[in-house]
Amino acid sequence: MSAPGYVLDHPAARALAERHRVRAWEALPWLLAIAFYFAFPRHLGFGTELLVAILFAISLDLALGYAGIITLGHAAFFGAGAYTVGMLAFHGVWKEPISGLLLGGAVAALIGLASGLVLLRTAGLTLLMLTLCTMALLEETANFAHAYTGSFDGLPGITFKPVLGLFEFNPLIPRTQYVYALVVLFIGFVFVRTLIYSPFGQSLTGIRENTLRMHAVGAPVRVRLVICYTISAAIAGVAGGLWAQTNLYVNLSTLSLDRAATVLIILVLGGYGRLYGSFIGAVAYMVLAHFLSQIYPTAWQLGLGLLLVLIALFARNGILGLFDTLRRHFRAKRAPS
Amino acid sequence: MIFGIDVASMLLGGLAAGMVLFIVSVGLSVTMGLMGFVNLAHGAFAMLGGYIIVLVMRNWNFDFVSALATGFILTAAISVIFERLLYARLYRAPELDQVLFTIGLVFIFIASVTLLVGPENQPVPIPAALQGQLDLGFLQYRTYSIFLILIGIVIVIGLWLGFERTRYGAQIRAAVDNRRMAESLGINIDRLFTVTFAFGSGMAALGGGLGAEFLGLDPQYPLKYLVFFLIVVAVGGPGRIFGAFYAAAIIGVLDFALKLYIPKGGTLFIYALTILLLLWRPQGLFGRTA
């Protein structure tokens with residue numbers, strides 16, 4: 001690369017050219033995740049849930065945070081992945097986990113492509129409605145096709161082949177599940193991180209910020225949105241498949257409005273359009289939910305509601321946004337001295 | 001002849017359900033058309049109204065009509081507080097914030113009702129005069145369903161008159177069609193919206209109380225029927241009273257008929273039809289082309 005020196009000398013240009021570089025602190029979440037494995041061997045089941053939630057939130061972040069597609073139906077893709085993986089294994093068609101996961105992602109991507117092609121022509125309320133309807137449609141279909149999906153009861157006790165032929169999924173000691181989910185999350189994260197710093201990712205941000213202007217500069221807005229939606233769906237499908245494999249069952253909850261709302265809450269709690277918001281949000285939400293929702297389910301819901309209202313009114317960028325504000329505040333204080 | 005009676009009873013049952021949908025959703029349709037505000041908490045006001053109606057009937061022996069009136073007035077008053085204190089801050093906010101805020105509000109309502117009243121279903125007592133069967137000449141049908149259809153028709157005519165024949169209605173129509181223009185003509189949009197919001201929430205309360213007989217009334221109400229209320233608005237076209245009326249009637253009858261013939265997968269077709277319809281006409285059946 002031989003960019004003219006004088007361009008890169010400008011601080012703004014340097015910041016732009018270097019923004020995709022990996023910073024030292026970016027290793028932190030992964031080190032913590034590895035430390036968790038050794039520190040809390042009894043809570044690996046919870047840890048696995050957490051990793052799946054992060055991957056799911058990252059997929060939503062791509063569509064909602066970066067491309068600005070407001071969807072209430074992202075669980076459609078999570079469920080599609082989960083049911084693909086679950087049904088294939090339950091009926092003995094395909095029990096190999098890694099390729100199963102890819103199949104789950106592919107099916108979710110297909111659904112994302114098909115629905116994205118049509119529903120991304122709309123905006124606002126209609127778009128919101130259509131994403132909700134797509135999800136409800138899949139949920140009803142899963143409920144209807146009893147012979148394949150087990151309807152309301154779901155498919156319990158699914159078995160998979162060992163990962164790489166070596167590591168068994170043990171429902172009681174979910175060590176394999178945790179490491180497997182961590183690896184999948186890492187691959188998914190690296191993929192999304194690369195994507196959003198690519199020119200394609202930049203154009204998504206442009207579409208979110210000013211669709212009209214992106215049209216004016218000649219960017220193929222619809223095509224980019226559909227591609228982004230499809231990729232996001234594929235990752236959500238992988239997350240769903242991972243959920244099915246690590247829990248060893250599938251049920252209608254994977255397609256529910258509840259799940260779609262939860263992932264949205266996780267993302268906005270951490271801060272959307274920020275890559276690491278999913279991590280912070282998932283940890284904050286899941287830890288709180290883990291301890292509170294079983295003991296005080298109603299109070300938990302009340303608190304969640306209040307939290308959402310507060311975020312919408314005062315903290316639009318979530319926890320990470322609050323950190324940013326604080327940091328700027330302190331910098332501004334320090335600057336004059 | 002038997003077939004004809006089947007069809008007639010199906011139509012009546014579906015229409016009765018459709019009228020409840022209409023009464024609940026019409027306020028949402030107008031507020032959405034006016035402000036473009038994505039209010040996912042509309043069903044929460046319907047639930048609130050339903051609970052007020054049930055509780056005053058049970059605890060203070062209100063009769064049916066005065067309980068409905070109380071539900072309407074109290075819900076409208078409470079909704080004004082919410083509108084002025086909270087909603088008003090988010091009118092110009094991005095859609096995502098409106099969605100988050102109203103989902104949060106739904107959670108708060110659900111949890112509060114569960115804590116204060118309890119998680120179980122609350123039956124709404126129907127006055128004796130509206131129970132039983134009514135002889136329509138060619139068939140016997142449930143009096144309450146006929147009553148709901150009549151109420152729905154009275155309300156839509158009343159709303160139509162208010163919308164088309166009053167100065168206030170003209171202001172709303174103008175604001176739905178072109179808010180900026182209406183504003184620059186000196187129409188006070190904020191006040192218009194507050195009044196409409198209160199009235200719409202009051203209507204939702206009526207619908208919550210009247211429809212509790214077959215929609216049920218429990219804390220999960222606002223989430224359970226959220227998609228249905230939104231479908232009515234989107235299919236009818238936001239801000240269109242007759243649009244909401246026809247959409248609700250069509251959906252009510254379709255849902256009733258489909259549940260009769262395909263008990264398990266009935267709603268599936270409603271979702272599929274809605275998706276197809278919105279693809280064909282994103283602005284809804286009766287909405288104006290943008």
# chains A, B, ... in the order shown; residues from 1 in each chain; ligands from 1
$ residues_around --residues "A:Gly157" --least-positions-apart "3" --cutoff "12 Å" --atoms "only C-alpha atoms" --output "PyMOL selection string"
chain A and resi 86-87+89-91+153-154+160+169-171+244-251
$ write_last_selection --atoms "C-alpha atoms" --output "JSON list (two decimals), in the first residue's frame"
[["chain", "number", "residue", "atom", "x", "y", "z"],
["A", 86, "GLY", "CA", -32.95, -29.59, 15.62],
["A", 87, "MET", "CA", -35.26, -31.24, 13.11],
["A", 89, "ALA", "CA", -30.85, -34.23, 14.08],
["A", 90, "PHE", "CA", -34.08, -35.31, 15.75],
["A", 91, "HIS", "CA", -35.30, -37.20, 12.70],
["A", 153, "ASP", "CA", -43.89, -29.48, 23.15],
["A", 154, "GLY", "CA", -40.95, -28.96, 20.83],
["A", 160, "PHE", "CA", -25.72, -35.01, 17.97],
["A", 169, "PHE", "CA", -22.14, -32.94, 24.01],
["A", 170, "ASN", "CA", -22.82, -33.87, 27.60],
["A", 171, "PRO", "CA", -26.03, -32.31, 28.92],
["A", 244, "ALA", "CA", -30.40, -26.08, 19.72],
["A", 245, "GLN", "CA", -27.11, -28.00, 19.85],
["A", 246, "THR", "CA", -26.04, -26.76, 23.25],
["A", 247, "ASN", "CA", -29.47, -27.23, 24.84],
["A", 248, "LEU", "CA", -30.16, -30.49, 22.98],
["A", 249, "TYR", "CA", -33.78, -29.48, 22.37],
["A", 250, "VAL", "CA", -35.84, -27.03, 20.30],
["A", 251, "ASN", "CA", -39.15, -25.44, 21.13]]
$ closest_atom_pairs --of "chain A" --to "chain B" --cutoff "6 Å" --atoms "only C-alpha atoms" --output "tab-separated table"
residue	atom	partner	partner_atom	distance
A:Cys133	CA	B:Tyr271	CA	5.6
A:Leu137	CA	B:Leu268	CA	5.6
A:Glu140	CA	B:Leu268	CA	5.6
A:Phe144	CA	B:Gly265	CA	5.6
A:Thr298	CA	B:Ala111	CA	5.3
A:Gln301	CA	B:Ala111	CA	5.9
A:Leu302	CA	B:Ile108	CA	4.8
A:Gly305	CA	B:Gly104	CA	3.8
A:Leu308	CA	B:Gly104	CA	4.8
A:Val309	CA	B:Phe101	CA	4.6
A:Ala312	CA	B:Asp97	CA	4.9
$ atom_distance --atom1 "atom CA of B:Gly200" --atom2 "atom CA of B:Ala249"
18.5 Å
$ residues_around --residues "A:Pro162" --least-positions-apart "6" --cutoff "9 Å" --atoms "only C-alpha atoms" --output "number ranges by chain"
A: 95-97, 168-169
$ select_by_dssp --residues "stretch 62-180 of chain B" --states "strand (DSSP E)" --output "PyMOL selection string"
chain B and resi 133-135+140-142
$ residues_around --residues "stretch 131-137 of chain B" --least-positions-apart "4" --cutoff "12 Å" --atoms "only C-alpha atoms" --output "PyMOL selection string"
chain B and resi 5+8-9+12+125-127+141-147+213
$ residues_around --residues "stretch 33-50 of chain A" --least-positions-apart "3" --cutoff "6 Å" --atoms "only C-alpha atoms" --output "MDAnalysis selection string"
chainID A and resid 30 53 174 178
$ select_by_dssp --residues "stretch 50-264 of chain B" --states "alpha helix (DSSP H)" --output "JSON, numbers by chain"
{"B": [50, 51, 52, 53, 54, 55, 56, 57, 58, 59, 60, 64, 65, 66, 67, 68, 69, 70, 71, 72, 73, 74, 75, 76, 77, 78, 79, 80, 81, 82, 83, 84, 85, 95, 96, 97, 98, 99, 100, 101, 102, 103, 104, 105, 106, 107, 108, 109, 110, 111, 112, 113, 114, 115, 116, 143, 144, 145, 146, 147, 148, 149, 150, 151, 152, 153, 154, 155, 156, 157, 158, 159, 160, 161, 162, 163, 164, 165, 167, 168, 169, 170, 171, 172, 173, 174, 175, 176, 177, 179, 180, 181, 182, 183, 184, 189, 190, 191, 192, 193, 194, 195, 196, 197, 198, 199, 200, 201, 202, 203, 204, 205, 206, 207, 208, 209, 210, 211, 212, 213, 214, 215, 221, 222, 223, 224, 226, 227, 228, 229, 230, 231, 232, 233, 234, 235, 236, 241, 242, 243, 244, 245, 246, 247, 248, 249, 250, 251, 252, 253, 254, 255, 256, 257, 258, 259, 260, 261]}
$ residues_around --residues "A:Leu117" --least-positions-apart "5" --cutoff "9 Å" --atoms "only C-alpha atoms" --output "list of chain:residue names"
A:Gly112, A:Arg222, A:Val223, A:Val226
$ atom_distance --atom1 "atom CA of B:Ala205" --atom2 "atom CA of B:Thr75"
6.4 Å
$ residues_around --residues "A:Asp61" --least-positions-apart "2" --cutoff "9 Å" --atoms "only C-alpha atoms" --output "list in words"
Phe56, Ala57, Ile58, Ser59, Ala63, Leu64, Gly65, Tyr66, Ala67, Gly68, Ser232, Leu264, Leu267, Tyr272, Gly273, Arg274, Leu275, Gly277 and Ser278 of chain A
$ write_last_selection --atoms "N, CA and C atoms" --output "short mmCIF file (atom, residue, chain, number, x, y, z; two decimals), in the first residue's frame"
data_model
loop_
_atom_site.label_atom_id
_atom_site.label_comp_id
_atom_site.auth_asym_id
_atom_site.auth_seq_id
_atom_site.Cartn_x
_atom_site.Cartn_y
_atom_site.Cartn_z
N PHE A 56 -26.22 -13.83 18.86
CA PHE A 56 -27.52 -13.41 18.35
C PHE A 56 -27.60 -11.87 18.34
N ALA A 57 -27.13 -11.25 19.42
CA ALA A 57 -27.19 -9.79 19.50
C ALA A 57 -26.29 -9.15 18.44
N ILE A 58 -25.14 -9.78 18.17
CA ILE A 58 -24.25 -9.25 17.13
C ILE A 58 -24.95 -9.28 15.78
N SER A 59 -25.69 -10.37 15.51
CA SER A 59 -26.38 -10.46 14.23
C SER A 59 -27.42 -9.34 14.11
N ALA A 63 -27.85 -5.65 11.44
CA ALA A 63 -29.03 -5.15 10.72
C ALA A 63 -29.53 -3.85 11.33
N LEU A 64 -29.65 -3.82 12.66
CA LEU A 64 -30.29 -2.67 13.29
C LEU A 64 -29.30 -1.56 13.61
N GLY A 65 -28.16 -1.94 14.18
CA GLY A 65 -27.21 -0.92 14.60
C GLY A 65 -26.47 -0.31 13.44
N TYR A 66 -26.07 -1.15 12.47
CA TYR A 66 -25.26 -0.62 11.37
C TYR A 66 -26.10 -0.18 10.18
N ALA A 67 -27.05 -1.06 9.76
CA ALA A 67 -27.82 -0.69 8.57
C ALA A 67 -29.09 0.08 8.92
N GLY A 68 -29.45 0.12 10.21
CA GLY A 68 -30.62 0.89 10.61
C GLY A 68 -31.95 0.26 10.22
N SER A 232 -27.09 -10.96 8.22
CA SER A 232 -27.54 -10.88 9.60
C SER A 232 -28.42 -12.09 9.93
N LEU A 264 -33.35 -7.56 21.39
CA LEU A 264 -33.37 -6.11 21.16
C LEU A 264 -32.96 -5.37 22.43
N LEU A 267 -29.25 -5.67 23.04
CA LEU A 267 -28.46 -4.83 22.14
C LEU A 267 -28.53 -3.36 22.55
N TYR A 272 -26.18 0.01 20.62
CA TYR A 272 -26.20 -0.59 19.29
C TYR A 272 -25.26 0.16 18.36
N GLY A 273 -24.88 -0.54 17.28
CA GLY A 273 -23.96 0.04 16.31
C GLY A 273 -22.57 0.24 16.88
N ARG A 274 -22.17 -0.59 17.84
CA ARG A 274 -20.88 -0.38 18.48
C ARG A 274 -20.06 -1.66 18.64
N LEU A 275 -20.49 -2.73 18.00
CA LEU A 275 -19.72 -3.96 17.99
C LEU A 275 -19.63 -4.63 19.37
N GLY A 277 -21.22 -3.54 22.06
CA GLY A 277 -22.46 -3.36 22.82
C GLY A 277 -23.11 -4.70 23.12
N SER A 278 -23.07 -5.63 22.16
CA SER A 278 -23.68 -6.93 22.35
C SER A 278 -23.08 -7.66 23.55
#
$ decode --residues "stretch 131-263 of chain A" --atoms "C-alpha atoms" --output "mmCIF file, in the first residue's frame"
data_model
loop_
_atom_site.group_PDB
_atom_site.id
_atom_site.type_symbol
_atom_site.label_atom_id
_atom_site.label_comp_id
_atom_site.auth_asym_id
_atom_site.auth_seq_id
_atom_site.Cartn_x
_atom_site.Cartn_y
_atom_site.Cartn_z
ATOM 1 C CA THR A 131 -40.944 -8.312 10.369
ATOM 2 C CA LEU A 132 -43.411 -9.130 13.151
ATOM 3 C CA CYS A 133 -45.700 -10.945 10.716
ATOM 4 C CA THR A 134 -42.844 -12.965 9.227
ATOM 5 C CA MET A 135 -41.867 -14.151 12.670
ATOM 6 C CA ALA A 136 -45.462 -14.884 13.671
ATOM 7 C CA LEU A 137 -45.919 -16.772 10.398
ATOM 8 C CA LEU A 138 -42.922 -19.004 11.123
ATOM 9 C CA GLU A 139 -44.053 -19.542 14.704
ATOM 10 C CA GLU A 140 -47.524 -20.566 13.552
ATOM 11 C CA THR A 141 -46.029 -22.839 10.895
ATOM 12 C CA ALA A 142 -43.846 -24.524 13.507
ATOM 13 C CA ASN A 143 -46.909 -24.881 15.705
ATOM 14 C CA PHE A 144 -48.952 -26.302 12.825
ATOM 15 C CA ALA A 145 -46.486 -28.899 11.502
ATOM 16 C CA HIS A 146 -46.767 -31.150 14.514
ATOM 17 C CA ALA A 147 -45.274 -34.221 12.861
ATOM 18 C CA TYR A 148 -41.997 -32.439 12.158
ATOM 19 C CA THR A 149 -41.655 -29.866 14.895
ATOM 20 C CA GLY A 150 -43.533 -31.343 17.837
ATOM 21 C CA SER A 151 -45.622 -28.142 18.003
ATOM 22 C CA PHE A 152 -45.963 -26.772 21.480
ATOM 23 C CA ASP A 153 -43.892 -29.477 23.154
ATOM 24 C CA GLY A 154 -40.948 -28.964 20.826
ATOM 25 C CA LEU A 155 -38.352 -31.635 20.117
ATOM 26 C CA PRO A 156 -36.766 -32.850 23.342
ATOM 27 C CA GLY A 157 -33.701 -34.987 23.843
ATOM 28 C CA ILE A 158 -31.973 -34.436 20.502
ATOM 29 C CA THR A 159 -28.610 -36.170 20.114
ATOM 30 C CA PHE A 160 -25.725 -35.007 17.973
ATOM 31 C CA LYS A 161 -22.533 -36.635 16.832
ATOM 32 C CA PRO A 162 -19.415 -35.558 18.733
ATOM 33 C CA VAL A 163 -17.802 -32.318 17.525
ATOM 34 C CA LEU A 164 -14.978 -33.209 15.101
ATOM 35 C CA GLY A 165 -15.716 -36.800 16.050
ATOM 36 C CA LEU A 166 -13.961 -36.256 19.384
ATOM 37 C CA PHE A 167 -15.949 -34.145 21.833
ATOM 38 C CA GLU A 168 -19.348 -35.346 23.038
ATOM 39 C CA PHE A 169 -22.137 -32.944 24.010
ATOM 40 C CA ASN A 170 -22.818 -33.874 27.599
ATOM 41 C CA PRO A 171 -26.034 -32.307 28.920
ATOM 42 C CA LEU A 172 -24.789 -32.532 32.513
ATOM 43 C CA ILE A 173 -21.244 -31.233 32.088
ATOM 44 C CA PRO A 174 -21.497 -28.692 29.257
ATOM 45 C CA ARG A 175 -17.755 -28.215 28.756
ATOM 46 C CA THR A 176 -17.847 -29.135 25.072
ATOM 47 C CA GLN A 177 -20.837 -26.848 24.564
ATOM 48 C CA TYR A 178 -19.048 -23.883 26.116
ATOM 49 C CA VAL A 179 -15.832 -24.196 24.147
ATOM 50 C CA TYR A 180 -17.739 -24.965 20.954
ATOM 51 C CA ALA A 181 -19.984 -21.921 21.416
ATOM 52 C CA LEU A 182 -16.965 -19.751 22.198
ATOM 53 C CA VAL A 183 -15.202 -20.804 19.012
ATOM 54 C CA VAL A 184 -18.305 -20.226 16.897
ATOM 55 C CA LEU A 185 -18.838 -16.830 18.523
ATOM 56 C CA PHE A 186 -15.230 -15.877 17.858
ATOM 57 C CA ILE A 187 -15.475 -16.794 14.180
ATOM 58 C CA GLY A 188 -18.786 -14.956 13.856
ATOM 59 C CA PHE A 189 -17.399 -11.907 15.621
ATOM 60 C CA VAL A 190 -14.258 -11.725 13.484
ATOM 61 C CA PHE A 191 -16.429 -12.005 10.393
ATOM 62 C CA VAL A 192 -18.754 -9.185 11.467
ATOM 63 C CA ARG A 193 -15.866 -7.018 12.616
ATOM 64 C CA THR A 194 -14.150 -7.397 9.252
ATOM 65 C CA LEU A 195 -17.411 -6.729 7.461
ATOM 66 C CA ILE A 196 -18.297 -3.497 9.230
ATOM 67 C CA TYR A 197 -14.865 -1.964 8.683
ATOM 68 C CA SER A 198 -14.974 -2.884 4.990
ATOM 69 C CA PRO A 199 -16.244 -0.399 2.411
ATOM 70 C CA PHE A 200 -19.458 -2.405 2.389
ATOM 71 C CA GLY A 201 -19.865 -1.838 6.124
ATOM 72 C CA GLN A 202 -19.159 1.852 5.668
ATOM 73 C CA SER A 203 -21.884 2.106 3.066
ATOM 74 C CA LEU A 204 -24.326 0.484 5.506
ATOM 75 C CA THR A 205 -23.602 3.190 8.045
ATOM 76 C CA GLY A 206 -24.093 5.730 5.285
ATOM 77 C CA ILE A 207 -27.503 4.267 4.469
ATOM 78 C CA ARG A 208 -28.488 4.401 8.131
ATOM 79 C CA GLU A 209 -27.403 8.002 8.493
ATOM 80 C CA ASN A 210 -28.791 9.390 5.258
ATOM 81 C CA THR A 211 -30.512 7.074 2.809
ATOM 82 C CA LEU A 212 -31.315 9.847 0.381
ATOM 83 C CA ARG A 213 -27.711 10.959 0.111
ATOM 84 C CA MET A 214 -26.537 7.386 -0.414
ATOM 85 C CA HIS A 215 -28.997 7.125 -3.293
ATOM 86 C CA ALA A 216 -27.644 10.388 -4.619
ATOM 87 C CA VAL A 217 -24.015 9.240 -4.613
ATOM 88 C CA GLY A 218 -25.093 6.193 -6.562
ATOM 89 C CA ALA A 219 -24.895 3.478 -3.928
ATOM 90 C CA PRO A 220 -27.191 0.513 -4.615
ATOM 91 C CA VAL A 221 -29.109 1.020 -1.383
ATOM 92 C CA ARG A 222 -31.717 -1.748 -1.694
ATOM 93 C CA VAL A 223 -29.204 -4.382 -2.762
ATOM 94 C CA ARG A 224 -26.862 -3.521 0.107
ATOM 95 C CA LEU A 225 -29.687 -3.613 2.636
ATOM 96 C CA VAL A 226 -30.872 -6.994 1.360
ATOM 97 C CA ILE A 227 -27.339 -8.406 1.489
ATOM 98 C CA CYS A 228 -26.861 -7.061 5.002
ATOM 99 C CA TYR A 229 -30.217 -8.465 6.113
ATOM 100 C CA THR A 230 -29.338 -11.862 4.631
ATOM 101 C CA ILE A 231 -25.954 -11.979 6.355
ATOM 102 C CA SER A 232 -27.543 -10.885 9.600
ATOM 103 C CA ALA A 233 -30.167 -13.614 9.209
ATOM 104 C CA ALA A 234 -27.475 -16.205 8.543
ATOM 105 C CA ILE A 235 -25.611 -15.295 11.728
ATOM 106 C CA ALA A 236 -28.845 -15.310 13.707
ATOM 107 C CA GLY A 237 -29.532 -18.753 12.232
ATOM 108 C CA VAL A 238 -26.113 -19.977 13.345
ATOM 109 C CA ALA A 239 -26.841 -18.607 16.822
ATOM 110 C CA GLY A 240 -30.168 -20.453 16.806
ATOM 111 C CA GLY A 241 -28.539 -23.665 15.664
ATOM 112 C CA LEU A 242 -25.967 -23.269 18.390
ATOM 113 C CA TRP A 243 -28.783 -22.838 20.902
ATOM 114 C CA ALA A 244 -30.399 -26.077 19.720
ATOM 115 C CA GLN A 245 -27.110 -27.997 19.846
ATOM 116 C CA THR A 246 -26.042 -26.763 23.246
ATOM 117 C CA ASN A 247 -29.471 -27.230 24.840
ATOM 118 C CA LEU A 248 -30.161 -30.492 22.984
ATOM 119 C CA TYR A 249 -33.780 -29.476 22.368
ATOM 120 C CA VAL A 250 -35.843 -27.030 20.295
ATOM 121 C CA ASN A 251 -39.154 -25.438 21.128
ATOM 122 C CA LEU A 252 -41.425 -22.616 20.046
ATOM 123 C CA SER A 253 -39.693 -20.149 22.367
ATOM 124 C CA THR A 254 -36.934 -19.832 19.754
ATOM 125 C CA LEU A 255 -39.441 -18.120 17.443
ATOM 126 C CA SER A 256 -41.314 -16.042 20.002
ATOM 127 C CA LEU A 257 -41.795 -12.307 20.274
ATOM 128 C CA ASP A 258 -40.275 -12.684 23.721
ATOM 129 C CA ARG A 259 -36.968 -13.778 22.269
ATOM 130 C CA ALA A 260 -36.999 -11.047 19.644
ATOM 131 C CA ALA A 261 -37.703 -8.446 22.329
ATOM 132 C CA THR A 262 -35.002 -9.864 24.586
ATOM 133 C CA VAL A 263 -32.285 -9.644 21.966
#
